[in-house]
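What follows is a single structure, written as structure tokens, with notes after it.
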Amino acid sequence: ELVKTCGSFFKNPTNYKAYELIIKAKANKYKVNGVMVSKKHANILINSKNATGKDVIKLMHKIQKKVFKTFNIYLEAEIIIV
């Protein structure tokens with residue numbers, strides 16, 4: 001099945017894997033409108049409907065906030081937002 005993704009979304013912080021932090025913070029179930037965290041890999045965001053760039057950014061911030069609140073680790077986006 002073909003899906004629309006942004007690829008690997010967050011950089012791995014030193015000594016951590018971004019996808020593990022997302023799962024352990026329970027942010028892997030997050031969705032914003034048509035964009036969601038992949039069920040196959042938590043560091044991939046999927047456009048499951050007709051998500052906008054704003055939806056992707058909202059989900060990114062939501063995940064960053066939850067991981068930071070849980071582990072005091074900031075997930076830096078690997079993608080470049082223009």
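Ordering of the structure tokens sets the chain letters (A, B, ...); residue numbers start at 1 within each chain; ligands are numbered from 1 in the order shown.
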TODO: as a PyMOL selection string, list the residues of region 27-61 of chain A assigned to strand (DSSP E) by DSSP on the backbone atoms of this structure.
DONE: chain A and resi 31-32+35-37+44-47
Once you have the residues from the selection above, write them out as a PDB file, in the first residue's frame, restricted to N, CA and C atoms.
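Generated file (part.pdb):
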```
ATOM      1  N   LYS A  31      -2.679  12.190  16.685  1.00  0.00           N
ATOM      2  CA  LYS A  31      -3.174  12.531  15.345  1.00  0.00           C
ATOM      3  C   LYS A  31      -3.542  13.999  15.358  1.00  0.00           C
ATOM      4  N   VAL A  32      -3.400  14.643  14.220  1.00  0.00           N
ATOM      5  CA  VAL A  32      -3.940  15.995  14.032  1.00  0.00           C
ATOM      6  C   VAL A  32      -4.579  16.004  12.652  1.00  0.00           C
ATOM      7  N   VAL A  35      -3.120  13.873   9.639  1.00  0.00           N
ATOM      8  CA  VAL A  35      -1.759  13.374   9.812  1.00  0.00           C
ATOM      9  C   VAL A  35      -1.656  12.611  11.140  1.00  0.00           C
ATOM     10  N   MET A  36      -0.931  11.490  11.101  1.00  0.00           N
ATOM     11  CA  MET A  36      -0.822  10.632  12.284  1.00  0.00           C
ATOM     12  C   MET A  36       0.562   9.998  12.356  1.00  0.00           C
ATOM     13  N   VAL A  37       0.888   9.485  13.525  1.00  0.00           N
ATOM     14  CA  VAL A  37       2.131   8.747  13.707  1.00  0.00           C
ATOM     15  C   VAL A  37       1.934   7.360  13.101  1.00  0.00           C
ATOM     16  N   ILE A  44       7.875   8.198  11.969  1.00  0.00           N
ATOM     17  CA  ILE A  44       7.376   8.527  10.633  1.00  0.00           C
ATOM     18  C   ILE A  44       5.944   9.044  10.783  1.00  0.00           C
ATOM     19  N   LEU A  45       5.680  10.196  10.183  1.00  0.00           N
ATOM     20  CA  LEU A  45       4.336  10.762  10.189  1.00  0.00           C
ATOM     21  C   LEU A  45       3.690  10.472   8.845  1.00  0.00           C
ATOM     22  N   ILE A  46       2.435  10.062   8.887  1.00  0.00           N
ATOM     23  CA  ILE A  46       1.711   9.661   7.682  1.00  0.00           C
ATOM     24  C   ILE A  46       0.547  10.609   7.426  1.00  0.00           C
ATOM     25  N   ASN A  47       0.419  11.027   6.178  1.00  0.00           N
ATOM     26  CA  ASN A  47      -0.736  11.808   5.749  1.00  0.00           C
ATOM     27  C   ASN A  47      -1.815  10.794   5.376  1.00  0.00           C
TER      28      ASN A  47
END
```
TODO: Tell me which protein, DNA and RNA residues are within 10 Å of Lys62 (chain A), counting only C-alpha atoms, leaving out same-chain ones fewer than 4 positions away, and put them as an MDAnalysis selection string.
DONE: chainID A and resid 27 30:32 56:58 66:68
Output file for the selection above: all heavy atoms, as a PDB file, in the first residue's frame:
```pdb
ATOM      1  N   ALA A  27       3.232   9.096  22.824  1.00  0.00           N
ATOM      2  CA  ALA A  27       2.851  10.075  21.800  1.00  0.00           C
ATOM      3  C   ALA A  27       2.644   9.403  20.454  1.00  0.00           C
ATOM      4  O   ALA A  27       2.295  10.062  19.483  1.00  0.00           O
ATOM      5  CB  ALA A  27       3.926  11.156  21.687  1.00  0.00           C
ATOM      6  N   TYR A  30      -0.839   9.811  18.682  1.00  0.00           N
ATOM      7  CA  TYR A  30      -1.292  11.162  18.357  1.00  0.00           C
ATOM      8  C   TYR A  30      -1.687  11.295  16.886  1.00  0.00           C
ATOM      9  O   TYR A  30      -1.106  10.664  16.016  1.00  0.00           O
ATOM     10  CB  TYR A  30      -0.208  12.183  18.660  1.00  0.00           C
ATOM     11  CG  TYR A  30      -0.007  12.495  20.122  1.00  0.00           C
ATOM     12  CD1 TYR A  30       0.966  13.394  20.510  1.00  0.00           C
ATOM     13  CD2 TYR A  30      -0.774  11.919  21.116  1.00  0.00           C
ATOM     14  CE1 TYR A  30       1.177  13.709  21.845  1.00  0.00           C
ATOM     15  CE2 TYR A  30      -0.578  12.223  22.443  1.00  0.00           C
ATOM     16  CZ  TYR A  30       0.397  13.121  22.805  1.00  0.00           C
ATOM     17  OH  TYR A  30       0.592  13.436  24.118  1.00  0.00           O
ATOM     18  N   LYS A  31      -2.679  12.190  16.685  1.00  0.00           N
ATOM     19  CA  LYS A  31      -3.174  12.531  15.345  1.00  0.00           C
ATOM     20  C   LYS A  31      -3.542  13.999  15.358  1.00  0.00           C
ATOM     21  O   LYS A  31      -3.964  14.521  16.376  1.00  0.00           O
ATOM     22  CB  LYS A  31      -4.497  11.810  15.064  1.00  0.00           C
ATOM     23  CG  LYS A  31      -4.450  10.490  14.479  1.00  0.00           C
ATOM     24  CD  LYS A  31      -5.907  10.053  14.248  1.00  0.00           C
ATOM     25  CE  LYS A  31      -5.946   8.722  13.581  1.00  0.00           C
ATOM     26  NZ  LYS A  31      -7.286   8.272  13.321  1.00  0.00           N
ATOM     27  N   VAL A  32      -3.400  14.643  14.220  1.00  0.00           N
ATOM     28  CA  VAL A  32      -3.940  15.995  14.032  1.00  0.00           C
ATOM     29  C   VAL A  32      -4.579  16.004  12.652  1.00  0.00           C
ATOM     30  O   VAL A  32      -3.892  15.844  11.639  1.00  0.00           O
ATOM     31  CB  VAL A  32      -2.849  17.086  14.131  1.00  0.00           C
ATOM     32  CG1 VAL A  32      -3.413  18.443  13.742  1.00  0.00           C
ATOM     33  CG2 VAL A  32      -2.259  17.140  15.533  1.00  0.00           C
ATOM     34  N   VAL A  56       0.795  19.016   9.976  1.00  0.00           N
ATOM     35  CA  VAL A  56       2.066  18.327  10.243  1.00  0.00           C
ATOM     36  C   VAL A  56       2.833  19.074  11.331  1.00  0.00           C
ATOM     37  O   VAL A  56       3.350  18.464  12.280  1.00  0.00           O
ATOM     38  CB  VAL A  56       2.914  18.189   8.957  1.00  0.00           C
ATOM     39  CG1 VAL A  56       4.294  17.637   9.286  1.00  0.00           C
ATOM     40  CG2 VAL A  56       2.215  17.310   7.940  1.00  0.00           C
ATOM     41  N   ILE A  57       2.896  20.385  11.237  1.00  0.00           N
ATOM     42  CA  ILE A  57       3.613  21.191  12.229  1.00  0.00           C
ATOM     43  C   ILE A  57       2.942  21.092  13.598  1.00  0.00           C
ATOM     44  O   ILE A  57       3.618  20.976  14.620  1.00  0.00           O
ATOM     45  CB  ILE A  57       3.744  22.654  11.756  1.00  0.00           C
ATOM     46  CG1 ILE A  57       4.707  22.692  10.552  1.00  0.00           C
ATOM     47  CG2 ILE A  57       4.245  23.566  12.879  1.00  0.00           C
ATOM     48  CD1 ILE A  57       4.733  24.009   9.819  1.00  0.00           C
ATOM     49  N   LYS A  58       1.609  21.100  13.626  1.00  0.00           N
ATOM     50  CA  LYS A  58       0.888  20.954  14.903  1.00  0.00           C
ATOM     51  C   LYS A  58       1.203  19.617  15.548  1.00  0.00           C
ATOM     52  O   LYS A  58       1.437  19.538  16.758  1.00  0.00           O
ATOM     53  CB  LYS A  58      -0.627  21.087  14.683  1.00  0.00           C
ATOM     54  CG  LYS A  58      -1.105  22.490  14.504  1.00  0.00           C
ATOM     55  CD  LYS A  58      -2.621  22.512  14.319  1.00  0.00           C
ATOM     56  CE  LYS A  58      -3.098  23.888  13.924  1.00  0.00           C
ATOM     57  NZ  LYS A  58      -4.555  23.900  13.640  1.00  0.00           N
ATOM     58  N   LYS A  66       5.224  16.550  24.364  1.00  0.00           N
ATOM     59  CA  LYS A  66       5.005  15.363  25.205  1.00  0.00           C
ATOM     60  C   LYS A  66       6.325  14.690  25.561  1.00  0.00           C
ATOM     61  O   LYS A  66       6.545  14.313  26.715  1.00  0.00           O
ATOM     62  CB  LYS A  66       4.076  14.396  24.474  1.00  0.00           C
ATOM     63  CG  LYS A  66       3.803  13.111  25.227  1.00  0.00           C
ATOM     64  CD  LYS A  66       3.004  13.341  26.487  1.00  0.00           C
ATOM     65  CE  LYS A  66       2.609  11.993  27.076  1.00  0.00           C
ATOM     66  NZ  LYS A  66       1.907  12.110  28.319  1.00  0.00           N
ATOM     67  N   VAL A  67       7.222  14.534  24.589  1.00  0.00           N
ATOM     68  CA  VAL A  67       8.519  13.909  24.858  1.00  0.00           C
ATOM     69  C   VAL A  67       9.327  14.781  25.811  1.00  0.00           C
ATOM     70  O   VAL A  67       9.959  14.277  26.750  1.00  0.00           O
ATOM     71  CB  VAL A  67       9.290  13.625  23.540  1.00  0.00           C
ATOM     72  CG1 VAL A  67      10.734  13.228  23.816  1.00  0.00           C
ATOM     73  CG2 VAL A  67       8.589  12.534  22.738  1.00  0.00           C
ATOM     74  N   PHE A  68       9.305  16.093  25.619  1.00  0.00           N
ATOM     75  CA  PHE A  68      10.038  16.989  26.509  1.00  0.00           C
ATOM     76  C   PHE A  68       9.477  16.930  27.932  1.00  0.00           C
ATOM     77  O   PHE A  68      10.230  16.865  28.904  1.00  0.00           O
ATOM     78  CB  PHE A  68      10.018  18.424  25.986  1.00  0.00           C
ATOM     79  CG  PHE A  68      10.949  19.326  26.746  1.00  0.00           C
ATOM     80  CD1 PHE A  68      12.312  19.315  26.473  1.00  0.00           C
ATOM     81  CD2 PHE A  68      10.480  20.163  27.733  1.00  0.00           C
ATOM     82  CE1 PHE A  68      13.191  20.118  27.189  1.00  0.00           C
ATOM     83  CE2 PHE A  68      11.343  20.974  28.457  1.00  0.00           C
ATOM     84  CZ  PHE A  68      12.705  20.960  28.178  1.00  0.00           C
TER      85      PHE A  68
END
```
Open item on the list: Considering only alpha helix (DSSP H) as DSSP defines it on the backbone, what residues of region 7-53 of chain A qualify? List them as a PyMOL selection string.
Closed with: chain A and resi 18-24+53
Task: From A:Asn43, A:Asn28, A:Phe71, A:Lys65, residue lying nearest Lys11 (chain A) [only C-alpha atoms] - done: A:Asn43
Task: Atomic distance CA of Ser48 (chain A) - CA of Val3 (chain A), expressed in Å with one decimal - done: 7.4 Å
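Closest approach to Lys24 (chain A) among A:Ser8, A:Glu78, A:Leu59, A:Ala42 is made by A:Ala42 (distances from only C-alpha atoms).
Closest to Asn15 (chain A) among A:Gly53, A:Gln64, A:Ile73, A:Ile81 is A:Ile73, based on only C-alpha atoms.
In this model, the gap between CA of Lys49 (chain A) and CA of Ile79 (chain A) comes to 20.4 Å.
In terms of minimum interatomic distance to Tyr19 (chain A), A:His41 ranks closest within A:Met60, A:His41, A:Tyr74, A:Ile80, counting only C-alpha atoms.
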